[in-house]
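Here the structure is laid out as structure tokens; the discussion comes afterwards.
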Amino acid sequence: MRIEHGIFYRIDWVMIVLYLVLVFFGWFNIYSAVYDEQYTSMFDFSQRNGKQLIWIVAALILAIVTLAIDPKFFSQFTWLFYGGMLILMLVVIFLGREVSGARSWLHFGQVSIQPAEFAKMATALIIAKKLSKIDLNINKSRTWLQLCSLAFLPAILILLQRDMGSALIFLAFLMVFYRFGMSGYVLIGLIGILVIGILSLLIDKFILIGILFFLAFLFFLFSHKTVRRLLIILLILLVSVGYMFSVDYAVNRILKPYQRERINVLIGKTSDPQGAGYNVNQSLIAIGSGQILGKGYLNGTQTKYHFVPEQSTDFIFCTVGEEWGFTGSLVLIVLYIGLFVRIILIAERQRAKFSRVYGYCVASILFFHFAINIGMTLGLMPVIGIPLPFLSYGGSSLWAFTILLFIFIRQDSYRSELV
Amino acid sequence: MEKLYFNRKYVFIGLFLFTGLVFLVRLFYVQILADRFILSASNNVLRYITQYPARGLIYDRNGELLVYNEAAYDMMVIPRQVKGMDTVEFCRLLEIDLEDFRERIKKATQYSSYKPSIFESQISRENFGALQEKMFMFPGFFVQPRTLRKYPHPIAAHMLGYVGEANPRTIERNPYYKPGDYIGISGIEKSYEELLRGKKGMKIRVVDVHNRDMGSFQKGRYDTISAPGTDLWSSIDINLQAYGELLMKNKKGSIVAIEPSSGEILCLITSPSYDPNLLVGRIRNKNFSLLIADSVNIPLFNRALMATYPPGSTFKVANALVAEQEEIIFPNTRYSCTGGFPLGNGHMVACHEHESPVNLVASIQNSCNTYYCNVFKRILDKYGFYETEKGYNGWRNHILTFGFGNRLGLDLPGELSGNIPVTAYYDKYYGKNRWRSLTVISMAIGQGEVLVTPIQLANMTALIANRGYYYIPHIIKGIGKPVSVNRGFVRKNESSIDPGYFDPVIDGMEQVVLAGTAMNARLDTISICAKTGTAQNPHGDNHSIFIAFAPKENPKIALSVVVENAGWGTTWAAPIASLMIEKYLRGEVKRKQVEEWLVNSNLIDK
Ligand SMILES: [Zn+2]
């Protein structure tokens with residue numbers, strides 16, 4: 001009883017309140033998104049709102065169980081979670097059922113789960129474990145490669161399930177590595193590779209080469225002018241130019257036409273008003289029609305007439321935008337940013353490095369989901385189907401996010417007793 | 001060490017705040033500044049109307065129109081918006097009863113109460129006229145223009161094919177198709193579906209609660225324009241096709257004619273056939289059931305591509321060429337024929353009365369069974385009497401290069417591959433190394449296990465006409481307007497026979513018509529090279545087979561004719577082929593008597 005009592009006072013209620021607000025706000029919006037005059041009960045379990053309520057209750061039970069478990073359990077058995085998760089992912093690849101193109105679901109009778117959602121948690125735990133070793137130097141390439149393998153092996157398995165969105169989330173771990181010592185140049189380099197790759201498909205390569213040389217010149221002008229540095233800059237330039245041409249060659253010569261088309265749609269070179277582009281257009285029409293105050297709860301017309309597909313899952317933010325307007329959207333975004341900042345601040349106050357790293361993992365994963373999902377809904381990002389944490393319809397993602405967050409809350413509640 | 005990186009938390013917090021800010025700025029723009037996203041007056045709804053493009057037209061080789069489109073209208077319903085209307089009047093206009101009305105609304109609601117579904121499909125232009133003025137009385141209903149296929153010539157049904165609604169499996173596999181969309185189901189309509197269909201578009205209209213069209217949404221900014229289907233230019237000569245179908249009236253079988261120099265199919269006749277207009281629009285389902293129920297004539301069965309027969313004596317020309325290439329015979333190689341080829345077990349492969357001995361040319365002219373049994377035995381025994389398998393494989397590899405044993409790969413669905421048996425088949429049947437050349441001797445004269453399709457026979461004829469090569473037969477020669485060549489069929493397929501070996505065989509085929517087994521196919525000034533055949537049919541009368549090309553020099557047409565249950569190849573198939581050649585090369589047929597006799601002959605109900 002003493003421990004229970006203790007936990008109650010030591011857990012961070014700010015995070016928990018933010019969590020509950022988001023989860024129930026999500027439920028209200030799912031109800032509105034699937035609202036149909038034929039099924040008006042909020043508790044109709046044949047409808048998505050009813051089902052989501054079941055998921056929420058289950059998630060709350062999971063949260064309480066997580067809080068009741070000895071925090072050492074999570075830090076000690078990381079390999080077990082990670083290994084079990086990898087096996088589960090392999091099972092999915094071979095036995096999983098296909099849902100809208102991705103083979104990422106496991107079915108147990110009535111219940112189906114998406115193991116990829118839980119892979120993020122297991123990976124976060126093992127990364128925290130690995131990074132919290134005392135004699136670790138992340139800038140040793142061996143260590144760095146080990147960490148990357150741990151982080152990206154699940155991502156590769158998820159790619160094999162043809163679920164690109166979920167795989168992409170694992171890039172969030174690079175942010176964590178950065179916080180714990182990885183050189184900033186690695187991030188800049190990776191972003192550079194991505195940007196140059198996309199630009200080489202979008203604009204004339206010779207203009208791009210000109211821009212690169214100009215940037216390199218500027219960089220050289222304002223840095224220490226040594227021969228060594230000049231040589232390195234020239235080498236990077238040469239590699240970039242080679243890379244540009246090989247990207248162009250790979251996309252335009254090696255890939256099949258439909259694959260090329262998908263990439264072009266993804267980077268926005270061609271629009272696809274019937275497919276992915278259609279969703280974004282409809283999403284923007286719906287959100288735009290919300291104006292300052294929104295049309296009011298359950299009064300959305302665009303989202304109500306099911307013009308926006310995937311509305312209760314990936315495009316749930318549409319309903320918020322249409323019915324709650326700019327005001328509601330602002331509040332929601334502030335709530336999210338508040339939660340992320342809170343997690344960072346609490347992570348920083350951890351004495352155990354394991355908890356600190358884990359906190360950063362949680363914040364980075366949630367942030368990636370948030371940024372990609374809302375960015376997509378607002379037409380700022382390519383259409384990548386991943387859920388909005390705590391709001392989107394779906395048991396697996398809700399449970400996975402809940403456990404992810406509550407393990408951290410549990411670690412935090414224990415911080416004074418751990419060293 | 002770690003303290004060094006403590007400040008990096010500000011990078012995180014900065015990134016979070018920055019992202020939040022970007023989203024808020026974007027929201028501010030989308031929701032407050034930019035009026036283009038605002039759908040004002042929340043009672044209005046958007047209606048998404050699919051724009052179905054006209055399917056591509058199909059022409060024959062002389063520019064004659066074979067398939068075009070006719071307007072029709074689908075009545076669409078959005079169940080949720082149906083309220084307060086005069087249902088009785090509506091039913092009267094559509095000529096349905098109230099019970100039917102409720103049933104259809106229920107079905108549409110099951111699909112979706114928000115999305116439009118088809119209430120009544122393919123309303124004719126006349127009925128639509130009467131409906132159009134009253135549409136405002138029926139909220140929730142609207143009309144969507146469609147097109148239906150029309151065929152000015154009631155022929156060539158199998159190769160043109162037909163279109164129908166995409167089935168649920170197709171819709172699941174290919175996201176382009178939505179329920180109610182049309183898709184090519186057979187023939188050219190199927191194999192060129194992606195070209196013919198064009199690209200659907202989408203119009204977004206604003207509609208108020210009274211089903212009034214308030215204009216296009218945002219001046220059509222989000223509309224997508226449909227792209228019409230691509231026109232196709234068929235290699236078919238519709239006059240030849242019509243003539244062939246006329247000659248094959250009341251007969252079962254097929255005529256396939258190919259232009260040897262290009263592989264273009266000039267006609268593709270299968271009989272019995274049906275009028276393609278039967279499988280269009282609302283009458284399609286009913287007629288389809290009738291056609292599929294006709295188990296006597298099997299009118300939906302495309303014999304030209306899907307029926308397989310033993311090639312009979314027409315196969316002798318192939319065996320002659322293989323034997324020449326293997327240097328087993330030469331033009332002056334002679335065998336005497338004394339009524340047949342003894343099999344050594346008291347049985348023999350019989351032959352008919354003719355001059356003896358015969359050389360290569362005369363062996364084709366007289367279709368001597370004895371000659372070809374001798375030749376085939378020597379091909380298979382080339383490596384020794386006990387090396388049958390090796391000899392057989394050598395022979396088989398040659399035969400495969402004639403286009404037998406595999407699908408030719410033409411641009412029509414449903415083609416069969418026929419059969420040139422592999423040695424494993426005989427090993428299984430007789431035991432490994434337990435079969436000899438005499439075991440399979442019937443293939444010398446095109447009987448036994450060997451099976452070919454009429455199109456493969458026509459293709460072999462084209463190959464002989466070309467002295468050694470063929471282009472894959474195809475039905476579409478040009479694509480689009482302006483027309484561009486169909487690039488899929490420009491590769492030359494060489495046979496394994498050297499060009500020089502063809503001359504004696506072709507000379508023999510010429511003699512078949514001049515002084516051999518098919519003198520009734522003779523055409524005064526045009527030299528026809530041909531070979532008769534009779535396919536044994538264990539289920540009834542033998543099938544009459546004939547292959548021919550003409551003229552001998554610079555051939556313009558190569559064809560195969562199969563008439564089922566018609567007995568000797570000479571009697572029926574030969575004159576039909578001869579008339580087809582006359583029709584194609586001269587444009588008209590002078591031998592009206594023969595024509596009349598053939599047209600009036602009924603071989604089905606004999
Ligand atoms: Zn003979």
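Ordering of the structure tokens sets the chain letters (A, B, ...), residue numbers begin anew at 1 in every chain, and ligands are numbered from 1 in the order given.
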
TODO: Select the residues contacting ligand 1 at a distance of at most 10 Å, based on only C-alpha atoms and all ligand atoms, then format the selection as a ChimeraX atom specification.
DONE: /B:335-341,349-358,362-364,366-373

TODO: Compute the set of chain A residues within 7 Å of chain B, using only C-alpha atoms, and express it as a ChimeraX atom specification.
DONE: /A:179-181,284-285,287-292,301,305-306,326,330,333,337,341

Just write the chosen residues, N, CA and C atoms, as an mmCIF file, in the first residue's frame.
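Output (again_12.cif):
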```cif
data_model
loop_
_atom_site.group_PDB
_atom_site.id
_atom_site.type_symbol
_atom_site.label_atom_id
_atom_site.label_comp_id
_atom_site.auth_asym_id
_atom_site.auth_seq_id
_atom_site.Cartn_x
_atom_site.Cartn_y
_atom_site.Cartn_z
ATOM 1 N N ARG A 179 20.866 13.834 -29.674
ATOM 2 C CA ARG A 179 20.840 14.399 -28.329
ATOM 3 C C ARG A 179 21.950 13.801 -27.461
ATOM 4 N N PHE A 180 22.261 12.526 -27.697
ATOM 5 C CA PHE A 180 23.253 11.882 -26.831
ATOM 6 C C PHE A 180 24.620 11.775 -27.480
ATOM 7 N N GLY A 181 24.945 12.768 -28.294
ATOM 8 C CA GLY A 181 26.324 12.903 -28.705
ATOM 9 C C GLY A 181 26.650 12.675 -30.154
ATOM 10 N N LEU A 284 -8.154 19.486 -47.411
ATOM 11 C CA LEU A 284 -8.004 20.936 -47.308
ATOM 12 C C LEU A 284 -9.344 21.647 -47.444
ATOM 13 N N ILE A 285 -10.203 21.136 -48.332
ATOM 14 C CA ILE A 285 -11.531 21.738 -48.462
ATOM 15 C C ILE A 285 -12.267 21.639 -47.133
ATOM 16 N N ILE A 287 -10.999 21.192 -44.020
ATOM 17 C CA ILE A 287 -10.404 22.020 -42.977
ATOM 18 C C ILE A 287 -10.682 23.499 -43.238
ATOM 19 N N GLY A 288 -10.530 23.890 -44.511
ATOM 20 C CA GLY A 288 -10.743 25.289 -44.864
ATOM 21 C C GLY A 288 -12.155 25.742 -44.551
ATOM 22 N N SER A 289 -13.113 24.824 -44.712
ATOM 23 C CA SER A 289 -14.500 25.213 -44.472
ATOM 24 C C SER A 289 -14.787 25.413 -42.984
ATOM 25 N N GLY A 290 -13.840 25.054 -42.137
ATOM 26 C CA GLY A 290 -14.038 25.243 -40.694
ATOM 27 C C GLY A 290 -13.924 26.686 -40.264
ATOM 28 N N GLN A 291 -13.123 27.455 -40.955
ATOM 29 C CA GLN A 291 -12.874 28.880 -40.640
ATOM 30 C C GLN A 291 -12.472 29.091 -39.174
ATOM 31 N N ILE A 292 -12.852 30.230 -38.595
ATOM 32 C CA ILE A 292 -12.283 30.550 -37.282
ATOM 33 C C ILE A 292 -12.839 29.655 -36.173
ATOM 34 N N THR A 301 -19.920 19.090 -42.798
ATOM 35 C CA THR A 301 -20.600 18.496 -43.954
ATOM 36 C C THR A 301 -19.613 17.718 -44.810
ATOM 37 N N TYR A 305 -19.965 13.698 -45.194
ATOM 38 C CA TYR A 305 -20.372 12.988 -46.403
ATOM 39 C C TYR A 305 -19.305 12.042 -46.923
ATOM 40 N N HIS A 306 -18.328 11.813 -46.073
ATOM 41 C CA HIS A 306 -17.310 10.800 -46.385
ATOM 42 C C HIS A 306 -16.534 11.131 -47.646
ATOM 43 N N PHE A 326 -10.288 27.054 -36.613
ATOM 44 C CA PHE A 326 -8.911 27.412 -36.304
ATOM 45 C C PHE A 326 -8.681 27.349 -34.793
ATOM 46 N N LEU A 330 -5.874 25.104 -33.067
ATOM 47 C CA LEU A 330 -4.811 25.750 -32.299
ATOM 48 C C LEU A 330 -4.668 25.093 -30.936
ATOM 49 N N ILE A 333 -3.046 21.666 -31.276
ATOM 50 C CA ILE A 333 -1.610 21.714 -31.559
ATOM 51 C C ILE A 333 -0.835 22.140 -30.315
ATOM 52 N N ILE A 337 2.185 20.045 -28.548
ATOM 53 C CA ILE A 337 3.510 20.613 -28.330
ATOM 54 C C ILE A 337 3.815 20.638 -26.828
ATOM 55 N N VAL A 341 7.062 18.925 -25.128
ATOM 56 C CA VAL A 341 8.009 19.713 -24.344
ATOM 57 C C VAL A 341 8.078 19.173 -22.913
#
```

- [ ] Apply DSSP to the structure's backbone, then extract all residues of range 311-361 of chain A labelled alpha helix (DSSP H) and return them as JSON, numbers by chain.
- [x] {"A": [316, 317, 318, 319, 320, 321, 322, 323, 324, 325, 326, 327, 328, 329, 330, 331, 332, 333, 334, 335, 336, 337, 338, 339, 340, 341, 342, 343, 344, 345, 346, 347, 348, 353, 354, 355, 356, 357, 358, 359, 360, 361]}

Go ahead and write the selection's residues with C-alpha atoms as a tab-separated table (two decimals), in the first residue's frame.
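To be explicit, this is the file written out as out_3.tsv:
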```tsv
chain	number	residue	atom	x	y	z
A	316	ILE	CA	-8.88	12.55	-38.18
A	317	PHE	CA	-7.41	16.04	-38.00
A	318	CYS	CA	-9.80	17.01	-40.82
A	319	THR	CA	-12.78	16.57	-38.55
A	320	VAL	CA	-11.09	18.71	-35.93
A	321	GLY	CA	-10.34	21.41	-38.50
A	322	GLU	CA	-13.82	21.42	-39.97
A	323	GLU	CA	-15.89	21.25	-36.82
A	324	TRP	CA	-13.72	23.11	-34.31
A	325	GLY	CA	-12.18	25.60	-36.71
A	326	PHE	CA	-8.91	27.41	-36.30
A	327	THR	CA	-9.56	27.81	-32.57
A	328	GLY	CA	-9.91	24.10	-31.95
A	329	SER	CA	-6.96	23.23	-34.16
A	330	LEU	CA	-4.81	25.75	-32.30
A	331	VAL	CA	-5.76	24.27	-28.94
A	332	LEU	CA	-5.02	20.77	-30.18
A	333	ILE	CA	-1.61	21.71	-31.56
A	334	VAL	CA	-0.74	23.54	-28.35
A	335	LEU	CA	-1.74	20.44	-26.36
A	336	TYR	CA	0.54	18.25	-28.45
A	337	ILE	CA	3.51	20.61	-28.33
A	338	GLY	CA	2.92	20.97	-24.61
A	339	LEU	CA	3.07	17.22	-24.15
A	340	PHE	CA	6.26	16.90	-26.20
A	341	VAL	CA	8.01	19.71	-24.34
A	342	ARG	CA	6.87	18.27	-21.02
A	343	ILE	CA	8.35	14.89	-21.91
A	344	ILE	CA	11.68	16.52	-22.82
A	345	LEU	CA	11.80	18.54	-19.61
A	346	ILE	CA	11.00	15.48	-17.53
A	347	ALA	CA	13.52	13.38	-19.42
A	348	GLU	CA	16.17	15.94	-18.60
A	353	LYS	CA	20.46	7.69	-18.17
A	354	PHE	CA	18.20	4.84	-19.25
A	355	SER	CA	15.09	6.83	-18.38
A	356	ARG	CA	16.48	9.95	-19.95
A	357	VAL	CA	17.24	8.29	-23.27
A	358	TYR	CA	13.90	6.53	-23.17
A	359	GLY	CA	12.12	9.84	-22.61
A	360	TYR	CA	13.80	11.28	-25.67
A	361	CYS	CA	12.76	8.21	-27.67
```

Open item on the list: I'd like to know which residues of range 173-343 of chain B are strand (DSSP E) (by DSSP, run on the backbone); could you write them as a PyMOL selection string?
Closed with: chain B and resi 182-184+201-207+213-216+232-234+253-259+264-271+340-342

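Of the residues under consideration (B:Ala54, B:Glu120, B:Asn466, B:Gly244), B:Glu120 shows the shortest atom-to-atom contact distance to Glu95 in chain B when counting only C-alpha atoms.
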
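By chain and then residue number, the residues within 7 Å of Leu300 in chain B are B:Ser273, B:Leu291, B:Ile292, counting only C-alpha atoms and disregarding those fewer than 6 positions away in sequence.
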
Open item on the list: When you count only C-alpha atoms, which of these residues is closest to Thr333 in chain B: B:Ala318, B:Ile105, B:Leu360, B:Val82?
Closed with: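 Looking only at the distances to Thr333 in chain B, the closest residue turns out to be B:Leu360.
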
Open item on the list: What does the structure give for the distance between CA of Pro504 in chain B and CA of Ile258 in chain B, in Å to one decimal?
Closed with: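 Taking CA of Pro504 in chain B and CA of Ile258 in chain B, their separation equals 22.5 Å.
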
TODO: Find the spatial neighbours of Leu247 in chain B, counting only C-alpha atoms, within a cut-off of 12 Å - ignore same-chain residues fewer than 5 positions away - and output them as a ChimeraX atom specification.
DONE: /B:240-242,252-255,269-272,561,563,572-573,575-580,583,592,594-603

TODO: May I ask for the distance between CA of Ser235 in chain B and CA of Asp60 in chain B, given in Å to one decimal place?
DONE: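 A separation of 6.0 Å between them.
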
Open item on the list: List as a VMD selection string the protein and nucleic acid residues near range 447-462 of chain B, meaning an atom at most 8 Å away when only C-alpha atoms are counted, but skip any in the same chain fewer than 2 places from it.
Closed with: chain B and resid 254 to 260 263 303 to 312 402 to 405 408 416 to 421 440 442 to 445 464 to 466 470 472 to 473 535 to 536 547 to 549 557 to 562

Store the residues of this selection in a file with N, CA and C atoms, as a short mmCIF file (atom, residue, chain, number, x, y, z; two decimals), in the first residue's frame.
```cif
data_model
loop_
_atom_site.label_atom_id
_atom_site.label_comp_id
_atom_site.auth_asym_id
_atom_site.auth_seq_id
_atom_site.Cartn_x
_atom_site.Cartn_y
_atom_site.Cartn_z
N SER B 254 -13.30 -22.84 -88.42
CA SER B 254 -12.66 -21.53 -88.36
C SER B 254 -11.90 -21.25 -89.64
N ILE B 255 -11.71 -19.97 -89.90
CA ILE B 255 -10.81 -19.53 -90.97
C ILE B 255 -9.91 -18.46 -90.36
N VAL B 256 -8.60 -18.66 -90.49
CA VAL B 256 -7.65 -17.64 -90.03
C VAL B 256 -6.79 -17.26 -91.21
N ALA B 257 -6.76 -15.96 -91.54
CA ALA B 257 -5.90 -15.51 -92.64
C ALA B 257 -4.92 -14.48 -92.11
N ILE B 258 -3.67 -14.61 -92.56
CA ILE B 258 -2.60 -13.75 -92.08
C ILE B 258 -1.87 -13.16 -93.29
N GLU B 259 -1.44 -11.91 -93.16
CA GLU B 259 -0.55 -11.34 -94.18
C GLU B 259 0.87 -11.76 -93.81
N PRO B 260 1.51 -12.63 -94.61
CA PRO B 260 2.80 -13.20 -94.18
C PRO B 260 3.88 -12.15 -93.93
N GLY B 263 2.53 -10.41 -90.40
CA GLY B 263 1.88 -11.11 -89.29
C GLY B 263 0.51 -10.54 -88.96
N ARG B 303 -13.12 -20.86 -81.73
CA ARG B 303 -12.38 -22.01 -82.26
C ARG B 303 -11.03 -21.63 -82.85
N ALA B 304 -10.94 -20.44 -83.43
CA ALA B 304 -9.69 -20.05 -84.11
C ALA B 304 -8.51 -20.05 -83.15
N LEU B 305 -8.77 -19.75 -81.87
CA LEU B 305 -7.67 -19.67 -80.90
C LEU B 305 -7.72 -20.76 -79.86
N MET B 306 -8.90 -21.32 -79.63
CA MET B 306 -9.07 -22.19 -78.47
C MET B 306 -9.35 -23.65 -78.81
N ALA B 307 -9.63 -23.95 -80.07
CA ALA B 307 -9.86 -25.35 -80.44
C ALA B 307 -8.53 -25.96 -80.86
N THR B 308 -8.25 -27.17 -80.39
CA THR B 308 -7.03 -27.83 -80.84
C THR B 308 -7.39 -29.10 -81.60
N TYR B 309 -6.68 -29.31 -82.73
CA TYR B 309 -6.94 -30.47 -83.58
C TYR B 309 -5.61 -31.14 -83.90
N PRO B 310 -5.63 -32.43 -84.22
CA PRO B 310 -4.45 -33.00 -84.86
C PRO B 310 -4.35 -32.38 -86.25
N PRO B 311 -3.18 -31.94 -86.68
CA PRO B 311 -3.10 -31.20 -87.95
C PRO B 311 -3.27 -32.08 -89.18
N GLY B 312 -3.25 -33.39 -89.00
CA GLY B 312 -3.39 -34.29 -90.15
C GLY B 312 -2.25 -34.10 -91.15
N PHE B 402 8.40 -23.48 -85.30
CA PHE B 402 7.32 -23.16 -86.24
C PHE B 402 6.16 -22.45 -85.53
N GLY B 403 6.29 -22.34 -84.21
CA GLY B 403 5.22 -21.70 -83.44
C GLY B 403 4.23 -22.69 -82.86
N PHE B 404 4.56 -23.98 -82.96
CA PHE B 404 3.67 -24.99 -82.36
C PHE B 404 4.06 -25.25 -80.91
N GLY B 405 3.14 -25.81 -80.15
CA GLY B 405 3.46 -26.27 -78.78
C GLY B 405 3.46 -25.19 -77.73
N LEU B 408 1.30 -18.49 -79.22
CA LEU B 408 2.04 -17.59 -80.11
C LEU B 408 2.23 -16.23 -79.46
N LEU B 416 -4.86 -20.92 -76.91
CA LEU B 416 -4.31 -22.14 -76.32
C LEU B 416 -2.96 -22.48 -76.96
N SER B 417 -2.22 -23.38 -76.30
CA SER B 417 -0.87 -23.65 -76.77
C SER B 417 -0.77 -24.89 -77.65
N GLY B 418 -1.85 -25.67 -77.75
CA GLY B 418 -1.73 -26.92 -78.50
C GLY B 418 -0.80 -27.87 -77.77
N ASN B 419 -0.28 -28.87 -78.47
CA ASN B 419 0.60 -29.82 -77.77
C ASN B 419 1.58 -30.49 -78.73
N ILE B 420 2.85 -30.32 -78.46
CA ILE B 420 3.88 -31.16 -79.09
C ILE B 420 4.48 -31.91 -77.90
N PRO B 421 4.14 -33.18 -77.72
CA PRO B 421 4.46 -33.86 -76.46
C PRO B 421 5.96 -33.84 -76.15
N VAL B 440 5.68 -43.88 -82.07
CA VAL B 440 5.05 -42.56 -82.23
C VAL B 440 4.89 -42.20 -83.70
N SER B 442 2.61 -42.18 -85.80
CA SER B 442 1.43 -41.47 -86.32
C SER B 442 1.68 -39.97 -86.43
N MET B 443 2.68 -39.46 -85.67
CA MET B 443 2.95 -38.03 -85.78
C MET B 443 3.56 -37.67 -87.13
N ALA B 444 4.09 -38.69 -87.86
CA ALA B 444 4.62 -38.45 -89.21
C ALA B 444 3.55 -37.85 -90.10
N ILE B 445 2.31 -38.26 -89.88
CA ILE B 445 1.21 -37.77 -90.72
C ILE B 445 0.24 -36.90 -89.92
N ILE B 464 6.00 -20.59 -94.02
CA ILE B 464 6.44 -21.23 -95.27
C ILE B 464 6.41 -20.21 -96.41
N ALA B 465 5.33 -19.41 -96.45
CA ALA B 465 5.22 -18.38 -97.49
C ALA B 465 6.41 -17.43 -97.43
N ASN B 466 6.89 -17.13 -96.21
CA ASN B 466 8.04 -16.24 -96.02
C ASN B 466 9.37 -16.95 -96.20
N TYR B 470 8.44 -15.76 -89.29
CA TYR B 470 7.08 -15.21 -89.12
C TYR B 470 7.11 -14.07 -88.13
N ILE B 472 4.73 -12.51 -85.11
CA ILE B 472 3.63 -13.00 -84.28
C ILE B 472 2.31 -12.42 -84.81
N PRO B 473 1.35 -13.30 -85.09
CA PRO B 473 0.08 -12.79 -85.61
C PRO B 473 -0.54 -11.79 -84.63
N ALA B 535 -8.21 -34.36 -89.97
CA ALA B 535 -7.90 -34.66 -88.57
C ALA B 535 -8.84 -35.74 -88.07
N GLN B 536 -8.24 -36.83 -87.59
CA GLN B 536 -9.07 -37.91 -87.06
C GLN B 536 -9.82 -37.41 -85.85
N ILE B 547 -4.57 -25.80 -95.54
CA ILE B 547 -3.75 -24.60 -95.40
C ILE B 547 -3.32 -24.16 -96.79
N ALA B 548 -3.18 -22.84 -96.97
CA ALA B 548 -2.81 -22.35 -98.30
C ALA B 548 -2.22 -20.96 -98.20
N PHE B 549 -1.37 -20.63 -99.17
CA PHE B 549 -0.98 -19.23 -99.32
C PHE B 549 -0.92 -18.89 -100.80
N ILE B 557 -1.35 -13.52 -98.78
CA ILE B 557 -2.28 -14.07 -97.79
C ILE B 557 -1.91 -15.53 -97.50
N ALA B 558 -1.93 -15.87 -96.22
CA ALA B 558 -1.71 -17.26 -95.81
C ALA B 558 -2.86 -17.62 -94.89
N LEU B 559 -3.45 -18.78 -95.10
CA LEU B 559 -4.61 -19.07 -94.26
C LEU B 559 -4.76 -20.54 -93.91
N SER B 560 -5.52 -20.79 -92.86
CA SER B 560 -5.89 -22.14 -92.48
C SER B 560 -7.41 -22.18 -92.39
N VAL B 561 -7.95 -23.27 -92.88
CA VAL B 561 -9.40 -23.46 -92.80
C VAL B 561 -9.66 -24.80 -92.12
N VAL B 562 -10.51 -24.79 -91.12
CA VAL B 562 -10.91 -26.04 -90.47
C VAL B 562 -12.43 -26.13 -90.53
#
```

Open item on the list: Applying 8 Å and only C-alpha atoms, which residues near Asn542 in chain B remain after dropping the ones on its own chain fewer than 5 positions away? List them as JSON, numbers by chain.
Closed with: {"B": [534, 535, 536, 537, 564, 565, 566, 567, 568]}

Task: Top pick for closest residue to Glu245 in chain B, considering B:Tyr425, B:Tyr471, B:Trp233, B:Tyr274 and counting only C-alpha atoms - done: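 Among the listed residues, the smallest separation from Glu245 in chain B belongs to B:Tyr274.
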